[in-house]
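Heads up, the thing below is written out as structure tokens.
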Amino acid sequence: MMDHARDLASVRDATERLLTAATKLDNAAVAEPSRLPGWSRGHVLAHLARNADALVNVLQGRPMYASAESRDADIERDAPRPLDVQLADLRESEARFQEAGAAPADWSRTVELRNGVTDKAARVPFRRWVEVELHHVDLGIGYELEDLPAEFVEREIGFLAERFTGHPDVPPTHVTDGTRAWSTGREAAEPEVTVRGPAPDLLGWLSGRRDGASLTAEGGPLPTLPPL
């Protein structure tokens, strides 16, 4: 069962960690490249703020973004802002998201996200948690996959494994950190490949943030995953 209230608290905690870490930057550092190709740290911070507002739209029954073009334009517009403006915007947008999440609602309802993707409203806070945690890593300011909360890592591995389940280009794959296990890829009676490694490295591979070089693949090569 998804606990949206607990996930909202986790989003709040994760946002505070990111804001606290980002206060150590300066305007020059915000303009430097992030770990995401083509994006500065300012792009990442701007995206996080606009994503919070977009998820408020989702919770309140509006389109997530007016269009893909407007989403991209808003990020480009906001990326060059100085650090204090970036952080104030992120804090304020987070407050709006928390306010929307605290409103009485049917959390079992289905909501629509980008590109026709649908999900239960109760999973929206977890989706926001994913944005905050992984983009904190993407900032490249000392927060790594190994620093992520263990509960988050386990749930996000499961979420991504589910996302690739049934994908025709991914072989039937058994994924394990030696304690827990997940299945992904094309449906089959038995997996073709078993991928083993530490949970943070599994998450890095599944999310496209690491190349999987530290993982062990048995039964075949490490599967090449499609972009998220």
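Residues are named by chain letter and number: chains run A, B, ... in the order of the structure tokens, numbers start at 1 in each chain, and ligands are numbered from 1 in the order shown.
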**Q.** 12 Å contact set for Leu59 (chain A), only C-alpha atoms, chain neighbours under 2 positions out, as number ranges by chain
**A.** A: 52-57, 61-64, 96-113, 119-125, 128
Taking N, CA, C and O atoms for each residue, export the selection above as a CSV table (one decimal), in the first residue's frame.
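And here is the file that came out, part_39.csv:
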chain,number,residue,atom,x,y,z
A,52,ALA,N,7.5,20.7,-9.2
A,52,ALA,CA,6.6,20.8,-8.0
A,52,ALA,C,5.2,21.4,-8.4
A,52,ALA,O,4.2,20.9,-8.1
A,53,ASP,N,5.3,22.5,-9.1
A,53,ASP,CA,4.1,23.2,-9.6
A,53,ASP,C,3.3,22.3,-10.6
A,53,ASP,O,2.1,22.3,-10.5
A,54,ALA,N,4.0,21.6,-11.4
A,54,ALA,CA,3.4,20.7,-12.4
A,54,ALA,C,2.6,19.6,-11.6
A,54,ALA,O,1.5,19.2,-12.1
A,55,LEU,N,3.2,19.1,-10.5
A,55,LEU,CA,2.5,18.0,-9.8
A,55,LEU,C,1.3,18.6,-9.0
A,55,LEU,O,0.4,17.8,-8.7
A,56,VAL,N,1.4,19.8,-8.6
A,56,VAL,CA,0.2,20.5,-8.0
A,56,VAL,C,-0.9,20.5,-9.1
A,56,VAL,O,-2.1,20.1,-8.8
A,57,ASN,N,-0.6,20.8,-10.3
A,57,ASN,CA,-1.6,20.7,-11.4
A,57,ASN,C,-2.2,19.3,-11.5
A,57,ASN,O,-3.4,19.2,-11.6
A,61,GLY,N,-6.2,18.3,-10.9
A,61,GLY,CA,-7.0,17.9,-12.0
A,61,GLY,C,-6.7,18.7,-13.3
A,61,GLY,O,-7.5,18.6,-14.2
A,62,ARG,N,-5.6,19.4,-13.4
A,62,ARG,CA,-5.2,20.1,-14.6
A,62,ARG,C,-4.1,19.4,-15.3
A,62,ARG,O,-3.4,18.5,-14.7
A,63,PRO,N,-3.9,19.8,-16.6
A,63,PRO,CA,-2.7,19.2,-17.3
A,63,PRO,C,-1.4,19.4,-16.5
A,63,PRO,O,-1.3,20.5,-16.0
A,64,MET,N,-0.5,18.5,-16.5
A,64,MET,CA,0.7,18.6,-15.8
A,64,MET,C,1.5,19.9,-16.3
A,64,MET,O,2.0,20.7,-15.5
A,96,ARG,N,3.8,24.9,-1.9
A,96,ARG,CA,2.6,24.7,-2.7
A,96,ARG,C,2.3,23.2,-2.9
A,96,ARG,O,1.1,22.8,-2.8
A,97,PHE,N,3.3,22.5,-3.2
A,97,PHE,CA,3.1,21.0,-3.3
A,97,PHE,C,2.6,20.4,-2.0
A,97,PHE,O,1.6,19.6,-2.1
A,98,GLN,N,3.2,20.7,-0.9
A,98,GLN,CA,2.8,20.2,0.4
A,98,GLN,C,1.3,20.6,0.7
A,98,GLN,O,0.5,19.8,1.2
A,99,GLU,N,1.0,21.8,0.4
A,99,GLU,CA,-0.4,22.3,0.6
A,99,GLU,C,-1.4,21.5,-0.2
A,99,GLU,O,-2.4,21.1,0.3
A,100,ALA,N,-1.1,21.3,-1.5
A,100,ALA,CA,-1.9,20.5,-2.4
A,100,ALA,C,-2.0,19.1,-1.9
A,100,ALA,O,-3.1,18.5,-1.9
A,101,GLY,N,-0.9,18.5,-1.4
A,101,GLY,CA,-1.0,17.2,-0.9
A,101,GLY,C,-1.7,17.0,0.4
A,101,GLY,O,-2.2,15.9,0.8
A,102,ALA,N,-1.8,18.1,1.2
A,102,ALA,CA,-2.5,18.0,2.5
A,102,ALA,C,-4.1,18.2,2.3
A,102,ALA,O,-4.8,18.0,3.3
A,103,ALA,N,-4.5,18.6,1.2
A,103,ALA,CA,-5.9,18.9,0.9
A,103,ALA,C,-6.7,17.5,0.9
A,103,ALA,O,-6.2,16.5,0.4
A,104,PRO,N,-7.9,17.5,1.5
A,104,PRO,CA,-8.7,16.3,1.4
A,104,PRO,C,-8.9,15.9,0.0
A,104,PRO,O,-9.2,16.7,-0.9
A,105,ALA,N,-8.8,14.6,-0.3
A,105,ALA,CA,-8.8,14.1,-1.7
A,105,ALA,C,-9.1,12.6,-1.7
A,105,ALA,O,-8.8,11.9,-0.7
A,106,ASP,N,-9.5,12.1,-2.8
A,106,ASP,CA,-9.6,10.7,-3.1
A,106,ASP,C,-8.3,10.2,-3.6
A,106,ASP,O,-8.0,10.4,-4.8
A,107,TRP,N,-7.5,9.7,-2.8
A,107,TRP,CA,-6.1,9.3,-3.2
A,107,TRP,C,-6.1,8.0,-4.0
A,107,TRP,O,-5.0,7.6,-4.6
A,108,SER,N,-7.2,7.3,-4.1
A,108,SER,CA,-7.3,6.1,-5.0
A,108,SER,C,-7.6,6.5,-6.4
A,108,SER,O,-7.6,5.6,-7.3
A,109,ARG,N,-7.9,7.7,-6.7
A,109,ARG,CA,-8.3,8.1,-8.1
A,109,ARG,C,-7.1,8.0,-9.0
A,109,ARG,O,-5.9,8.1,-8.6
A,110,THR,N,-7.3,7.9,-10.3
A,110,THR,CA,-6.3,7.9,-11.3
A,110,THR,C,-6.1,9.3,-11.8
A,110,THR,O,-7.0,10.1,-12.1
A,111,VAL,N,-4.8,9.7,-11.9
A,111,VAL,CA,-4.4,11.0,-12.4
A,111,VAL,C,-3.6,10.8,-13.7
A,111,VAL,O,-3.0,9.8,-13.9
A,112,GLU,N,-3.5,11.9,-14.5
A,112,GLU,CA,-2.7,11.9,-15.7
A,112,GLU,C,-1.5,12.7,-15.6
A,112,GLU,O,-1.6,13.9,-15.1
A,113,LEU,N,-0.3,12.2,-16.0
A,113,LEU,CA,0.9,12.9,-15.9
A,113,LEU,C,1.3,13.3,-17.3
A,113,LEU,O,0.5,13.7,-18.1
A,119,ASP,N,-1.4,7.3,-13.3
A,119,ASP,CA,-1.0,6.6,-12.1
A,119,ASP,C,-2.1,6.9,-11.0
A,119,ASP,O,-2.9,7.8,-11.2
A,120,LYS,N,-2.0,6.2,-9.9
A,120,LYS,CA,-2.8,6.6,-8.8
A,120,LYS,C,-2.3,7.9,-8.2
A,120,LYS,O,-1.1,8.1,-8.0
A,121,ALA,N,-3.3,8.7,-7.7
A,121,ALA,CA,-2.9,9.9,-7.0
A,121,ALA,C,-2.0,9.6,-5.9
A,121,ALA,O,-1.1,10.4,-5.6
A,122,ALA,N,-2.2,8.5,-5.2
A,122,ALA,CA,-1.4,8.2,-4.0
A,122,ALA,C,0.1,8.0,-4.3
A,122,ALA,O,1.0,8.1,-3.4
A,123,ARG,N,0.5,7.8,-5.6
A,123,ARG,CA,1.9,7.6,-5.9
A,123,ARG,C,2.5,9.0,-6.3
A,123,ARG,O,3.7,9.0,-6.5
A,124,VAL,N,1.8,10.0,-6.5
A,124,VAL,CA,2.3,11.3,-6.9
A,124,VAL,C,3.4,11.8,-5.9
A,124,VAL,O,4.5,12.2,-6.3
A,125,PRO,N,3.1,11.7,-4.6
A,125,PRO,CA,4.2,12.1,-3.7
A,125,PRO,C,5.5,11.3,-3.8
A,125,PRO,O,6.6,11.9,-3.7
A,128,ARG,N,7.3,12.6,-6.8
A,128,ARG,CA,8.0,13.9,-6.4
A,128,ARG,C,9.3,13.6,-5.6
A,128,ARG,O,10.4,14.2,-5.8
Residues near Trp129 (chain A), cut-off 6 Å, only C-alpha atoms, skip fewer than 3 positions along chain, as a list in words: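 Selected residues are Val11, Phe126 and Val132 of chain A.
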(request) Find the residue from A:Thr176, A:Ser214, A:Asn27, A:Ser183 that sits nearest to Arg196 (chain A); use only C-alpha atoms when measuring. (result)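 Smallest separation from Arg196 (chain A) among the options: A:Thr176.
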Rank A:Leu225, A:Gly197, A:Pro80, A:Asn115 by their smallest atom-to-atom distance to Ala66 (chain A), using only C-alpha atoms, and report the top residue only.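 Among A:Leu225, A:Gly197, A:Pro80, A:Asn115, it is A:Asn115 that comes nearest to Ala66 (chain A).
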| said: Based on the backbone DSSP call, show me all residues of region 48-189 of chain A assigned helix (DSSP H, G or I), as a VMD selection string. | reply: chain A and resid 48 to 59 68 to 78 83 to 102 114 to 116 121 to 138 145 to 147 150 to 164
*Run DSSP on the backbone of this structure and report the residues of region 18-156 of chain A it assigns to strand (DSSP E or B), as a ChimeraX atom specification.*
/A:33,40,110-112,118-120
Restrict the selected residues to N, CA, C and O atoms and save them as a JSON list (two decimals), in the first residue's frame.
[["chain", "number", "residue", "atom", "x", "y", "z"],
["A", 33, "PRO", "N", 28.12, 23.23, -15.19],
["A", 33, "PRO", "CA", 27.38, 22.05, -15.65],
["A", 33, "PRO", "C", 26.98, 21.13, -14.50],
["A", 33, "PRO", "O", 27.75, 20.93, -13.55],
["A", 40, "SER", "N", 22.87, 22.99, -16.79],
["A", 40, "SER", "CA", 23.63, 23.54, -15.67],
["A", 40, "SER", "C", 22.93, 23.15, -14.36],
["A", 40, "SER", "O", 21.81, 22.61, -14.37],
["A", 110, "THR", "N", -7.34, 7.93, -10.30],
["A", 110, "THR", "CA", -6.30, 7.90, -11.32],
["A", 110, "THR", "C", -6.06, 9.31, -11.82],
["A", 110, "THR", "O", -7.01, 10.05, -12.10],
["A", 111, "VAL", "N", -4.80, 9.68, -11.94],
["A", 111, "VAL", "CA", -4.44, 11.00, -12.45],
["A", 111, "VAL", "C", -3.56, 10.83, -13.68],
["A", 111, "VAL", "O", -2.97, 9.78, -13.91],
["A", 112, "GLU", "N", -3.49, 11.89, -14.48],
["A", 112, "GLU", "CA", -2.69, 11.86, -15.70],
["A", 112, "GLU", "C", -1.46, 12.74, -15.55],
["A", 112, "GLU", "O", -1.56, 13.88, -15.11],
["A", 118, "THR", "N", -0.50, 7.53, -16.82],
["A", 118, "THR", "CA", -1.45, 7.64, -15.72],
["A", 118, "THR", "C", -0.92, 6.88, -14.50],
["A", 118, "THR", "O", -0.10, 5.97, -14.62],
["A", 119, "ASP", "N", -1.42, 7.25, -13.34],
["A", 119, "ASP", "CA", -1.02, 6.59, -12.10],
["A", 119, "ASP", "C", -2.06, 6.92, -11.05],
["A", 119, "ASP", "O", -2.92, 7.78, -11.25],
["A", 120, "LYS", "N", -1.97, 6.24, -9.92],
["A", 120, "LYS", "CA", -2.83, 6.56, -8.80],
["A", 120, "LYS", "C", -2.33, 7.85, -8.15],
["A", 120, "LYS", "O", -1.13, 8.10, -8.04]]
Could you check the closest approach to Ile157 (chain A) for each of A:His136, A:Arg35, A:Arg12, A:Arg180 and tell me which residue wins, using only C-alpha atoms?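 Distance minimum relative to Ile157 (chain A) lands on A:Arg180.
If only C-alpha atoms are the atoms counted, then among A:Asp201, A:Glu32, A:Glu218, A:Asp211 the closest residue to Leu139 (chain A) is A:Glu32.
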Please measure the separation of CA of Ala95 (chain A) and CA of Glu146 (chain A), giving the value in Å to one decimal.
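Answer for the CA of Ala95 (chain A) to CA of Glu146 (chain A) separation: 27.4 Å.
Our summary of the geometry notes that CA of Ala150 (chain A) is positioned 18.5 Å from CA of Ala5 (chain A).
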